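**Student:** Just passing along the structure, written as structure tokens.
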Amino acid sequence: MADNWEVLYWPLAGRGEYVRLMFVEKGIEFKDTDDWTVVREQVKEGKLGGFPVMFPPVVCNGDFHLSQTPTICKYLGKKFGLYPDNEVDEWHADQLNATIHDYIAEGRLAFHGINHTLTYYKQTEETKPYIERFITERIPKWLKHFEDVLMANNGGKGFLFGDKLTYVDLGLMHALRTTESQFPDVWNSADYIPALKSFKDRMCSRPRLAAYLKSDKCRPFEGNSMM
Ligand SMILES: N[C@@H](CCC(=O)N[C@@H](CS)C(=O)NCC(=O)O)C(=O)O
């Protein structure tokens, strides 16, 4: 049966963007279902049916539905040939994929430190110290780690694993774009991550990604929580 891909996510960059970029890089068609009401009904109210999913993003292909962003990215990476060539790289990629999503989750939590499900705008005052601590104590640790990982392959001049683009390169690219968008001053003044900055620029200038980032298909950042 022909593939019939659909991504269910809110009309924002957020976690959905990690999934969308997999299709964009490969030039594979997908339906971007980003209507608040539809996503709420299909995902959160369980109308999708089949194996239960809990939160968006969800990728669908016919009756097959899959949630959890790092799991979706690994699944699509394997399916689309964006996957390491050997077992050691495969598991290191898996490790880094999980680390990237830990970073994003920790960042989001800083903006929602009082109540995880309440909008940031109802906890702006209370979360100031959490966000400040995330900026000063945590972001440098995460970024330095990503720089070290990148430098461990080909002196940081290419991809993360071997000579091949993988799903994790796309994930790291988007996590770095998110950091730059949410914390421009932190990003611009981070002089300890030269390879990472070049990597992000290199990735964003890949032809399909560059065209997408300039297009109106590319959803905006939420602007308040690493999303
Ligand atoms: N660990 C999950 C987290 C999913 C998640 O929290 N999704 C958010 C959007 S980024 C959401 O809409 N959550 C709804 C809720 O918490 O009720 C993932 O990586 O996909």
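Please note that chains go A, B, ... in the order of the structure tokens, that every chain numbers its residues from 1, and that ligands are numbered from 1 in the order shown.
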Would you return as a PyMOL selection string the members of stretch 29-220 of chain A that DSSP assigns to strand (DSSP E or B) on this structure's backbone?
**Tutor:** chain A and resi 31-33+58-61+64-67+161+164
**Student:** Can you write out the residues you just picked, keeping N, CA, C and O atoms, as a JSON list (two decimals), in the first residue's frame?
**Tutor:**
```json
[["chain", "number", "residue", "atom", "x", "y", "z"],
["A", 31, "LYS", "N", 0.94, 15.18, 5.17],
["A", 31, "LYS", "CA", -0.12, 16.12, 5.51],
["A", 31, "LYS", "C", 0.18, 16.69, 6.89],
["A", 31, "LYS", "O", 0.40, 15.91, 7.84],
["A", 32, "ASP", "N", 0.22, 18.01, 6.97],
["A", 32, "ASP", "CA", 0.53, 18.65, 8.25],
["A", 32, "ASP", "C", -0.79, 19.05, 8.90],
["A", 32, "ASP", "O", -1.33, 20.11, 8.61],
["A", 33, "THR", "N", -1.32, 18.20, 9.75],
["A", 33, "THR", "CA", -2.60, 18.50, 10.41],
["A", 33, "THR", "C", -2.32, 19.28, 11.67],
["A", 33, "THR", "O", -1.85, 18.73, 12.66],
["A", 58, "VAL", "N", 2.15, 13.24, 16.77],
["A", 58, "VAL", "CA", 1.90, 11.85, 16.38],
["A", 58, "VAL", "C", 2.13, 11.77, 14.88],
["A", 58, "VAL", "O", 1.70, 12.66, 14.15],
["A", 59, "VAL", "N", 2.83, 10.73, 14.44],
["A", 59, "VAL", "CA", 2.96, 10.50, 13.01],
["A", 59, "VAL", "C", 2.04, 9.34, 12.65],
["A", 59, "VAL", "O", 1.94, 8.37, 13.42],
["A", 60, "CYS", "N", 1.34, 9.48, 11.53],
["A", 60, "CYS", "CA", 0.39, 8.44, 11.10],
["A", 60, "CYS", "C", 0.73, 8.02, 9.68],
["A", 60, "CYS", "O", 1.12, 8.85, 8.86],
["A", 61, "ASN", "N", 0.54, 6.76, 9.42],
["A", 61, "ASN", "CA", 0.63, 6.24, 8.06],
["A", 61, "ASN", "C", -0.46, 5.17, 7.97],
["A", 61, "ASN", "O", -0.28, 4.07, 8.47],
["A", 64, "PHE", "N", -1.36, 3.06, 11.15],
["A", 64, "PHE", "CA", -0.22, 3.06, 12.07],
["A", 64, "PHE", "C", -0.02, 4.45, 12.66],
["A", 64, "PHE", "O", 0.09, 5.44, 11.94],
["A", 65, "HIS", "N", 0.00, 4.53, 14.00],
["A", 65, "HIS", "CA", 0.19, 5.81, 14.69],
["A", 65, "HIS", "C", 1.35, 5.65, 15.67],
["A", 65, "HIS", "O", 1.43, 4.63, 16.35],
["A", 66, "LEU", "N", 2.16, 6.68, 15.76],
["A", 66, "LEU", "CA", 3.29, 6.61, 16.69],
["A", 66, "LEU", "C", 3.51, 7.97, 17.34],
["A", 66, "LEU", "O", 3.52, 8.99, 16.65],
["A", 67, "SER", "N", 3.69, 7.96, 18.65],
["A", 67, "SER", "CA", 3.99, 9.22, 19.36],
["A", 67, "SER", "C", 5.34, 9.09, 20.05],
["A", 67, "SER", "O", 6.03, 8.09, 19.90],
["A", 161, "PHE", "N", 27.69, 11.46, 12.92],
["A", 161, "PHE", "CA", 28.10, 10.06, 12.86],
["A", 161, "PHE", "C", 28.60, 9.72, 11.47],
["A", 161, "PHE", "O", 27.85, 9.86, 10.49],
["A", 164, "LYS", "N", 27.66, 10.54, 7.17],
["A", 164, "LYS", "CA", 26.28, 10.42, 6.73],
["A", 164, "LYS", "C", 25.33, 11.29, 7.56],
["A", 164, "LYS", "O", 25.44, 11.34, 8.78]]
```
**Student:** Mind dumping a table of every chain A residue within 7 Å of ligand 1, with the nearest atom pair and its distance in Å to one decimal, using only C-alpha atoms and all ligand atoms, sorted by chain and rising number, as a tab-separated table?
**Tutor:**
```
residue	atom	partner	partner_atom_place_in_ligand_line	distance
A:Gly14	CA	ligand 1	10 (S)	5.6
A:Arg15	CA	ligand 1	10 (S)	4.9
A:Phe55	CA	ligand 1	7 (N)	4.9
A:Pro56	CA	ligand 1	7 (N)	4.9
A:Pro57	CA	ligand 1	20 (O)	5.7
A:Ser67	CA	ligand 1	20 (O)	6.0
A:Gln68	CA	ligand 1	20 (O)	3.5
A:Thr69	CA	ligand 1	20 (O)	3.9
A:Pro70	CA	ligand 1	19 (O)	6.1
A:His101	CA	ligand 1	19 (O)	6.6
A:Thr117	CA	ligand 1	16 (O)	6.0
A:Met227	CA	ligand 1	10 (S)	6.9
```
**Student:** Contacts of stretch 211-222 of chain A at 8 Å or less, counting only C-alpha atoms, minus same-chain residues fewer than 5 places along, as a ChimeraX atom specification?
**Tutor:** /A:11-14,17,24,178,181,204,227
**Student:** What gap, in Å, lies between atom CA of A:Asp94 and atom CA of A:Cys73?
**Tutor:**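 A separation of 10.1 Å between them.
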**Student:** At a cut-off of 9 Å, using only C-alpha atoms, what residues contact stretch 88-93 of chain A? Leave out same-chain residues fewer than 6 positions from it and give the result as a ChimeraX atom specification.
**Tutor:** /A:74,160-162,166-168
